[in-house]
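Trainee: Dropping in coords-v8.txt, with compact mmCIF, C-alpha atoms.
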# COMPACT_ATOMS: atom_id res chain seq x y z
CA MET A 1 28.49 158.50 175.90
CA THR A 2 29.32 157.16 172.40
CA ARG A 3 32.92 156.11 172.09
CA LYS A 4 32.90 153.66 169.20
CA LEU A 5 32.34 154.32 165.52
CA ASP A 6 30.01 151.33 165.29
CA ASP A 7 27.59 153.07 167.68
CA ILE A 8 27.08 155.95 165.23
CA GLU A 9 24.55 155.68 162.42
CA LYS A 10 26.30 156.24 159.08
CA LYS A 11 24.34 159.13 157.62
CA GLN A 12 24.87 161.83 155.02
CA ILE A 13 24.50 165.12 156.91
CA PHE A 14 25.39 167.56 154.11
CA ASN A 15 22.37 169.02 152.34
CA VAL A 16 22.21 171.05 149.14
CA PRO A 17 19.74 173.71 147.96
CA ASP A 18 16.62 172.38 146.21
CA GLY A 19 17.25 171.34 142.60
CA TYR A 20 21.02 171.78 142.98
CA PHE A 21 22.05 168.58 141.19
CA LYS A 22 19.51 169.23 138.44
CA SER A 23 21.06 172.60 137.57
CA LEU A 24 24.72 171.73 138.22
CA PRO A 25 25.40 169.99 134.85
CA ASP A 26 24.14 173.05 132.91
CA GLN A 27 26.27 175.38 135.05
CA ILE A 28 29.35 173.28 134.33
CA LEU A 29 28.60 173.00 130.60
CA SER A 30 28.12 176.76 130.25
CA LYS A 31 31.49 177.36 131.93
CA VAL A 32 33.14 174.85 129.61
CA ASP A 33 31.61 176.70 126.62
CA GLN A 34 32.85 180.06 127.96
CA LYS A 35 36.35 178.67 128.40
CA GLU A 36 36.38 177.22 124.91
CA ALA A 37 35.18 180.55 123.45
CA LYS A 38 38.02 182.40 125.13
CA THR A 39 40.68 179.94 124.05
CA ILE A 40 43.07 181.20 121.35
CA TYR A 41 44.02 178.51 118.86
CA PHE A 42 47.22 178.76 116.87
CA SER A 43 47.31 176.75 113.68
CA PRO A 44 50.50 174.75 112.99
CA ILE A 45 51.35 177.17 110.10
CA LEU A 46 51.06 180.19 112.40
CA LYS A 47 53.09 178.35 115.02
CA TRP A 48 55.94 177.70 112.51
CA SER A 49 55.77 181.26 111.16
CA ALA A 50 56.06 182.64 114.69
CA SER A 51 59.03 180.37 115.42
CA ILE A 52 60.85 181.48 112.23
CA ALA A 53 60.12 185.18 112.90
CA ALA A 54 61.40 184.84 116.48
CA THR A 55 64.60 183.11 115.26
CA ILE A 56 65.30 185.86 112.67
CA ALA A 57 64.68 188.57 115.29
CA LEU A 58 67.10 186.82 117.65
CA ILE A 59 69.82 186.56 114.99
CA ILE A 60 69.47 190.29 114.16
CA ALA A 61 69.55 191.27 117.82
CA VAL A 62 72.66 189.17 118.50
CA SER A 63 74.51 190.57 115.44
CA ILE A 64 73.71 194.18 116.45
CA PHE A 65 74.79 193.52 120.00
CA THR A 66 78.09 191.86 119.02
CA ASN A 67 78.99 194.73 116.62
CA GLN A 68 78.81 197.35 119.37
CA PRO A 69 82.19 198.91 120.44
CA SER A 70 83.39 197.04 123.49
CA THR A 71 84.54 200.10 125.43
CA VAL A 72 83.10 203.55 125.92
CA PRO A 73 85.70 206.28 125.19
CA GLU A 74 86.82 207.91 128.39
CA ILE A 75 86.61 211.70 128.68
CA ALA A 76 88.90 213.32 131.20
CA PHE A 77 87.48 216.24 133.09
CA ASP A 78 90.86 217.93 132.71
CA GLU A 79 90.06 218.43 129.02
CA PHE A 80 87.31 220.95 129.94
CA THR A 81 87.77 224.33 131.45
CA ASP A 82 85.80 225.26 134.58
CA GLU A 83 83.81 227.71 132.48
CA GLN A 84 82.76 225.01 130.02
CA LEU A 85 81.67 222.72 132.86
CA VAL A 86 79.61 225.48 134.53
CA ASP A 87 77.95 226.32 131.19
CA TYR A 88 77.14 222.68 130.65
CA LEU A 89 75.58 222.29 134.11
CA ILE A 90 73.48 225.47 133.66
CA GLU A 91 72.27 224.37 130.24
CA SER A 92 71.50 220.81 131.31
CA GLN A 93 69.85 221.76 134.62
CA GLY A 94 66.40 220.64 133.53
CA THR A 95 67.62 217.26 132.43
CA VAL A 96 69.69 216.76 135.57
CA ASP A 97 66.67 217.55 137.78
CA LEU A 98 64.50 215.09 135.88
CA LEU A 99 67.15 212.43 136.25
CA ALA A 100 67.46 213.15 139.94
CA GLU A 101 63.71 212.71 140.37
CA ALA A 102 63.73 209.47 138.43
CA VAL A 103 66.36 207.83 140.64
CA LEU A 104 64.64 205.36 142.92
CA THR A 105 65.24 205.57 146.61
CA THR A 106 65.93 202.39 148.58
CA ASP A 107 62.36 202.52 149.98
CA ASP A 108 60.89 202.75 146.47
CA TRP A 109 62.84 199.71 145.41
CA GLU A 110 61.79 197.70 148.48
CA GLU A 111 58.17 198.65 147.85
CA MET A 112 58.40 197.48 144.23
CA VAL A 113 59.96 194.17 145.26
CA SER A 114 57.35 193.71 147.97
CA GLU A 115 54.52 194.37 145.49
CA ALA A 116 55.96 191.83 143.06
CA ASP A 117 56.18 189.28 145.89
CA ASP A 118 52.57 189.98 146.88
CA ILE A 119 51.37 189.43 143.31
CA SER A 120 53.19 186.13 142.92
CA ALA A 121 52.07 185.01 146.40
CA TYR A 122 48.46 185.83 145.47
CA LEU A 123 48.74 183.87 142.22
CA MET A 124 50.23 180.90 144.07
CA GLU A 125 47.49 181.06 146.71
CA GLU A 126 44.73 181.19 144.18
CA ASP A 127 46.41 178.41 142.24
CA LEU A 128 46.26 180.65 139.21
CA LEU A 129 49.83 180.28 138.08
CA ASN A 130 49.13 176.89 136.50
CA ASP A 131 45.92 178.14 134.96
CA ILE A 132 47.23 181.34 133.42
CA LEU A 133 49.03 179.63 130.63
CA ILE A 134 48.00 176.14 129.66
CA VAL A 135 49.85 175.13 126.55
CA ASP A 136 48.58 172.09 124.73
CA SER A 137 51.55 170.53 122.99
CA ASP A 138 49.43 169.11 120.15
CA SER A 139 47.62 172.23 118.96
CA LEU A 140 49.52 174.91 120.89
CA THR A 141 46.39 176.08 122.64
CA ILE A 142 46.81 179.01 124.98
CA ASP A 143 44.08 179.29 127.56
CA VAL A 144 43.58 182.91 128.54
CA PHE A 145 40.41 182.42 130.55
CA ASN A 146 41.89 182.54 134.03
CA MET B 1 26.42 153.12 129.35
CA ASP B 2 29.46 151.63 131.06
CA ASP B 3 32.53 153.73 131.85
CA ARG B 4 34.65 152.29 129.04
CA GLU B 5 32.07 153.32 126.45
CA LEU B 6 31.71 156.70 128.16
CA ILE B 7 35.45 157.32 127.93
CA ARG B 8 35.49 156.37 124.25
CA LYS B 9 32.72 158.89 123.58
CA LEU B 10 34.44 161.53 125.72
CA LYS B 11 37.57 161.23 123.62
CA ASP B 12 35.65 161.55 120.36
CA PRO B 13 34.99 165.26 119.55
CA GLU B 14 31.72 164.30 117.83
CA THR B 15 30.19 162.73 120.96
CA ARG B 16 32.14 164.56 123.66
CA SER B 17 29.48 167.06 124.80
CA ASN B 18 26.75 164.49 125.29
CA ALA B 19 29.11 162.02 126.99
CA PHE B 20 30.39 164.76 129.30
CA LEU B 21 26.84 165.55 130.38
CA GLN B 22 26.29 161.87 131.18
CA LEU B 23 29.55 161.73 133.10
CA ILE B 24 28.55 164.72 135.23
CA GLU B 25 25.11 163.28 135.92
CA LYS B 26 26.64 159.94 136.90
CA TYR B 27 29.29 161.20 139.30
CA GLN B 28 28.36 164.73 140.39
CA GLU B 29 26.77 163.71 143.67
CA ARG B 30 29.58 161.42 144.83
CA ILE B 31 32.25 163.95 143.90
CA TYR B 32 30.33 166.83 145.47
CA VAL B 33 29.92 164.97 148.77
CA HIS B 34 33.60 163.94 148.75
CA ILE B 35 34.57 167.60 148.36
CA ARG B 36 31.97 168.85 150.82
CA ARG B 37 33.25 166.53 153.57
CA MET B 38 36.64 168.21 153.26
CA VAL B 39 35.66 171.87 152.80
CA ILE B 40 32.28 171.73 154.69
CA ASP B 41 30.90 174.94 153.14
CA HIS B 42 28.39 174.42 150.30
CA GLU B 43 29.51 177.46 148.28
CA ASP B 44 33.15 176.33 148.38
CA ALA B 45 32.13 172.77 147.44
CA ASN B 46 30.02 174.13 144.58
CA ASP B 47 32.96 176.12 143.16
CA LEU B 48 35.30 173.16 143.52
CA VAL B 49 33.01 170.54 141.98
CA GLN B 50 32.57 172.77 138.91
CA GLU B 51 36.33 173.34 138.70
CA VAL B 52 36.90 169.57 138.93
CA PHE B 53 34.53 168.67 136.07
CA ILE B 54 35.93 171.47 133.89
CA LYS B 55 39.42 170.02 134.45
CA VAL B 56 38.11 166.55 133.60
CA TYR B 57 36.76 167.91 130.31
CA GLN B 58 40.03 169.69 129.50
CA LYS B 59 42.29 166.77 130.43
CA ILE B 60 40.25 163.81 129.20
CA GLU B 61 42.67 163.27 126.31
CA SER B 62 45.49 162.68 128.80
CA PHE B 63 43.50 160.09 130.80
CA ARG B 64 45.49 156.91 130.21
CA GLU B 65 42.77 154.46 131.29
CA ASP B 66 45.13 152.54 133.58
CA SER B 67 42.74 153.42 136.41
CA LYS B 68 38.96 153.70 136.62
CA ILE B 69 37.57 157.03 135.46
CA TYR B 70 35.83 157.73 138.75
CA THR B 71 39.04 157.19 140.75
CA TRP B 72 40.72 159.60 138.31
CA ILE B 73 37.98 162.18 138.96
CA TYR B 74 38.30 161.58 142.70
CA ARG B 75 42.02 162.20 142.36
CA ILE B 76 41.45 165.54 140.61
CA ALA B 77 38.84 166.44 143.24
CA THR B 78 41.15 165.52 146.10
CA ASN B 79 43.98 167.65 144.69
CA ALA B 80 41.58 170.56 144.19
CA CYS B 81 40.44 170.27 147.82
CA LEU B 82 43.98 170.03 149.20
CA ASN B 83 45.08 173.07 147.16
CA PHE B 84 42.01 175.01 148.28
CA LEU B 85 42.60 174.18 151.96
CA ALA B 86 46.32 174.98 151.73
CA ALA B 87 45.50 178.38 150.18
CA LYS B 88 42.91 179.01 152.89
CA LYS B 89 45.48 178.13 155.55
CA ARG B 90 47.99 180.60 154.07
CA ARG B 91 45.34 183.33 153.95
CA MET B 92 44.48 182.69 157.61
CA PHE B 93 48.12 182.73 158.71
CA PHE B 94 47.61 185.75 160.97
CA SER B 95 44.14 184.74 162.13
CA LEU B 96 43.61 183.70 165.73
CA GLU B 97 41.26 180.95 164.57
CA SER B 98 42.76 177.92 162.80
CA THR B 99 41.35 176.68 159.48
CA THR B 100 40.24 173.45 161.18
CA ASP B 101 38.42 175.32 163.97
CA GLN B 102 36.70 177.50 161.37
CA LEU B 103 35.51 174.41 159.46
CA ILE B 104 34.31 172.77 162.70
CA SER B 105 32.33 175.87 163.68
CA LYS B 106 30.63 175.74 160.25
CA LEU B 107 29.35 172.26 161.12
CA ASP B 108 27.14 173.83 163.79
CA GLU B 109 26.32 177.08 161.99
CA SER B 110 25.42 176.01 158.46
CA ILE B 111 21.74 175.66 157.65
CA LEU B 112 22.67 173.12 154.96
CA ILE B 113 23.93 170.62 157.52
CA ASP B 114 21.67 168.39 159.59
CA GLY B 115 22.28 165.20 161.52
CA ASP B 116 22.28 164.89 165.28
CA GLU B 117 25.00 166.06 167.63
CA ILE B 118 26.98 162.83 167.53
CA GLN B 119 27.16 162.88 163.71
CA ARG B 120 28.43 166.47 163.71
CA LYS B 121 30.91 165.47 166.41
CA LEU B 122 32.11 162.62 164.18
CA HIS B 123 32.75 165.09 161.34
CA ALA B 124 34.54 167.42 163.77
CA ALA B 125 36.77 164.51 164.80
CA ILE B 126 37.50 163.75 161.13
CA LEU B 127 38.44 167.40 160.49
CA LYS B 128 40.94 167.21 163.35
CA LEU B 129 42.82 164.40 161.58
CA PRO B 130 45.87 165.04 159.37
CA LYS B 131 44.69 165.54 155.77
CA LYS B 132 45.92 162.15 154.54
CA GLN B 133 44.18 160.22 157.31
CA GLN B 134 41.07 162.33 156.78
CA LEU B 135 41.05 161.42 153.12
CA VAL B 136 41.61 157.69 153.68
CA PHE B 137 38.98 157.56 156.41
CA ASN B 138 36.32 159.33 154.29
CA LEU B 139 36.92 157.12 151.25
CA LYS B 140 36.91 153.91 153.28
CA TYR B 141 34.22 154.63 155.87
CA PHE B 142 31.68 156.73 153.95
CA ASP B 143 32.33 155.82 150.31
CA GLU B 144 33.13 152.20 151.22
CA MET B 145 35.92 152.03 148.67
CA LYS B 146 38.37 149.16 148.46
CA TYR B 147 41.96 149.91 149.47
CA GLU B 148 43.02 149.24 145.87
CA GLU B 149 40.68 152.02 144.68
CA ILE B 150 41.97 154.39 147.36
CA HIS B 151 45.48 153.49 146.19
CA GLU B 152 44.50 154.62 142.65
CA ILE B 153 43.37 157.97 144.07
CA THR B 154 46.15 158.69 146.52
CA GLY B 155 49.06 156.75 145.06
CA THR B 156 49.79 155.45 148.59
CA SER B 157 50.52 151.73 149.09
CA VAL B 158 47.71 149.52 150.39
CA GLY B 159 49.72 148.69 153.53
CA ALA B 160 50.21 152.37 154.35
CA LEU B 161 46.53 153.07 153.67
CA LYS B 162 45.48 150.33 156.11
CA ALA B 163 47.76 151.80 158.76
CA SER B 164 46.38 155.31 158.10
CA TYR B 165 42.80 154.09 158.44
CA HIS B 166 43.62 152.27 161.67
CA HIS B 167 45.24 155.40 163.16
CA ALA B 168 42.31 157.52 162.01
CA VAL B 169 39.74 155.27 163.69
CA ASN B 170 41.73 155.30 166.93
CA LYS B 171 42.02 159.09 166.93
CA ILE B 172 38.34 159.55 166.13
CA GLU B 173 37.24 157.25 168.94
CA GLU B 174 39.63 159.03 171.30
CA TYR B 175 38.10 162.38 170.30
CA LEU B 176 34.57 161.04 170.79
CA LYS B 177 35.54 159.80 174.26
CA GLU B 178 36.98 163.18 175.28
CA ASN B 179 34.31 165.46 173.81
Spit out the file's structure as structure tokens when you get a sec.
Mentor:
Amino acid sequence: MTRKLDDIEKKQIFNVPDGYFKSLPDQILSKVDQKEAKTIYFSPILKWSASIAATIALIIAVSIFTNQPSTVPEIAFDEFTDEQLVDYLIESQGTVDLLAEAVLTTDDWEEMVSEADDISAYLMEEDLLNDILIVDSDSLTIDVFN
Amino acid sequence: MDDRELIRKLKDPETRSNAFLQLIEKYQERIYVHIRRMVIDHEDANDLVQEVFIKVYQKIESFREDSKIYTWIYRIATNACLNFLAAKKRRMFFSLESTTDQLISKLDESILIDGDEIQRKLHAAILKLPKKQQLVFNLKYFDEMKYEEIHEITGTSVGALKASYHHAVNKIEEYLKEN
């Protein structure tokens, strides 16, 4: 029985289909071409324009947000008569039902969280997370192939 | 064309395509076999070797030339294999069969594997090793690389690589004795 490495002939045991290494370079080159074709290039001018537009949008959003009244006026139920409240509930029945249907149950929420976890786990497993967005710092290239 | 000239042409957009073709033709077989030893299955090795060369093309600008280009490609290939095997292990979490056992069974089942029983047994013994020892053993024993080159690929110190190889040989010979 062989027990030592030196007793074993060093041999390549892995075979490939006929002509495999002849066709492999072309397969790789065509994939490189496909990836390049699906790559979106942003010119430096577009990159700066997008940055300026995003900054202006942020300033507007912050100013709108900070000008909102800080407290919502409180309405005491005592100010309404029972009749007014009943009328309101009858009139708004449709809306109330829709709202009631839209409220998520605990199970719904858990299912949503679980689905989100599954998606991120799948992406991690397939090592896609790194490939989804490859940003080249020089030309701001976003690779959308994967 | 030597590697230094090849790298220069790879980094020049005018000559990149032709240089890339030459790079693939020069190293495809070595890189394929390196990957195949770790993942065993031809289809998986085929996907990975393509992925590796595409990454080489995309990242060539960031290659700093403080190592040899083929050790850099080996490094990309090794990472691709380790990621692939880790993902496979996670997918097989609930399987009764381990990833290693599945790879070992492919050694006997695949029509694209020959060699006599003892050679397949050697590869089974290698697959049983921890990934790092497996890697060091393959690069040293089959590819006959110097420890300094393996250091460029793995980033592990030469002393630690020597120890890993020594442990790997002992475990392989132990496996061969028992099986």
Trainee: Near chain A, which residues of chain B fall within 6 Å when you count only C-alpha atoms, and what do they look like as a list in words?
Mentor: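 The complete set of qualifying residues is Gln50, Ala87, Leu112, Ile113, Asp114, Gly115, Glu173, Leu176 and Lys177 of chain B.
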Trainee: Please write the residues from the selection above to a file, keeping C-alpha atoms, as a CSV table (one decimal), in the coordinates of the input.
Mentor:
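Heads up, here's the output in part-v6.csv:
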chain,number,residue,atom,x,y,z
B,50,GLN,CA,32.6,172.8,138.9
B,87,ALA,CA,45.5,178.4,150.2
B,112,LEU,CA,22.7,173.1,155.0
B,113,ILE,CA,23.9,170.6,157.5
B,114,ASP,CA,21.7,168.4,159.6
B,115,GLY,CA,22.3,165.2,161.5
B,173,GLU,CA,37.2,157.2,168.9
B,176,LEU,CA,34.6,161.0,170.8
B,177,LYS,CA,35.5,159.8,174.3
Trainee: Within 10 Å of (38.1, 162.8, 142.3) (coordinates as in the file), grab all the protein and nucleic acid residues, counting all atoms listed in the file, and write them out as a list in words.
Mentor: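 Returned residue set, sorted by chain then number, is Tyr27, Arg30, Ile31, Tyr32, His34, Ile35, Val49, Val52, Phe53, Val56, Ile69, Tyr70, Thr71, Trp72, Ile73, Tyr74, Arg75, Ile76, Ala77, Thr78, Asn79, Ala80, Cys81, Ile153 and Thr154 of chain B.
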Trainee: Any idea what's packed within 12 Å of Asp2 of chain B, counting only C-alpha atoms, ignoring anything in its chain fewer than 5 positions away? Could you give it as a PDB file with C-alpha atoms, keeping the file's coordinate frame?
Mentor:
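Output file selection_1.pdb is given in full below:
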ATOM      1  CA  ILE B   7      35.450 157.320 127.930  1.00  0.00           C
ATOM      2  CA  ARG B   8      35.490 156.370 124.250  1.00  0.00           C
ATOM      3  CA  LYS B   9      32.720 158.890 123.580  1.00  0.00           C
ATOM      4  CA  ALA B  19      29.110 162.020 126.990  1.00  0.00           C
ATOM      5  CA  GLN B  22      26.290 161.870 131.180  1.00  0.00           C
ATOM      6  CA  LEU B  23      29.550 161.730 133.100  1.00  0.00           C
ATOM      7  CA  LYS B  26      26.640 159.940 136.900  1.00  0.00           C
ATOM      8  CA  LYS B  68      38.960 153.700 136.620  1.00  0.00           C
ATOM      9  CA  ILE B  69      37.570 157.030 135.460  1.00  0.00           C
ATOM     10  CA  TYR B  70      35.830 157.730 138.750  1.00  0.00           C
TER      11      TYR B  70
END
Trainee: Report the distance between atom CA of Ile126 of chain B and atom CA of Ala168 of chain B in Å, rounded to one decimal place.
Mentor: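 Computing the Euclidean distance for atom CA of Ile126 of chain B and atom CA of Ala168 of chain B yields 7.9 Å.
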Trainee: Starting from the point (34.5, 160.3, 150.6), work out which residues of protein, DNA or RNA have an atom no more than 9 Å away when counting all atoms listed in the file; state them as an NGL selection string.
Mentor: :B and (30-31 or 33-38 or 74 or 135-145)
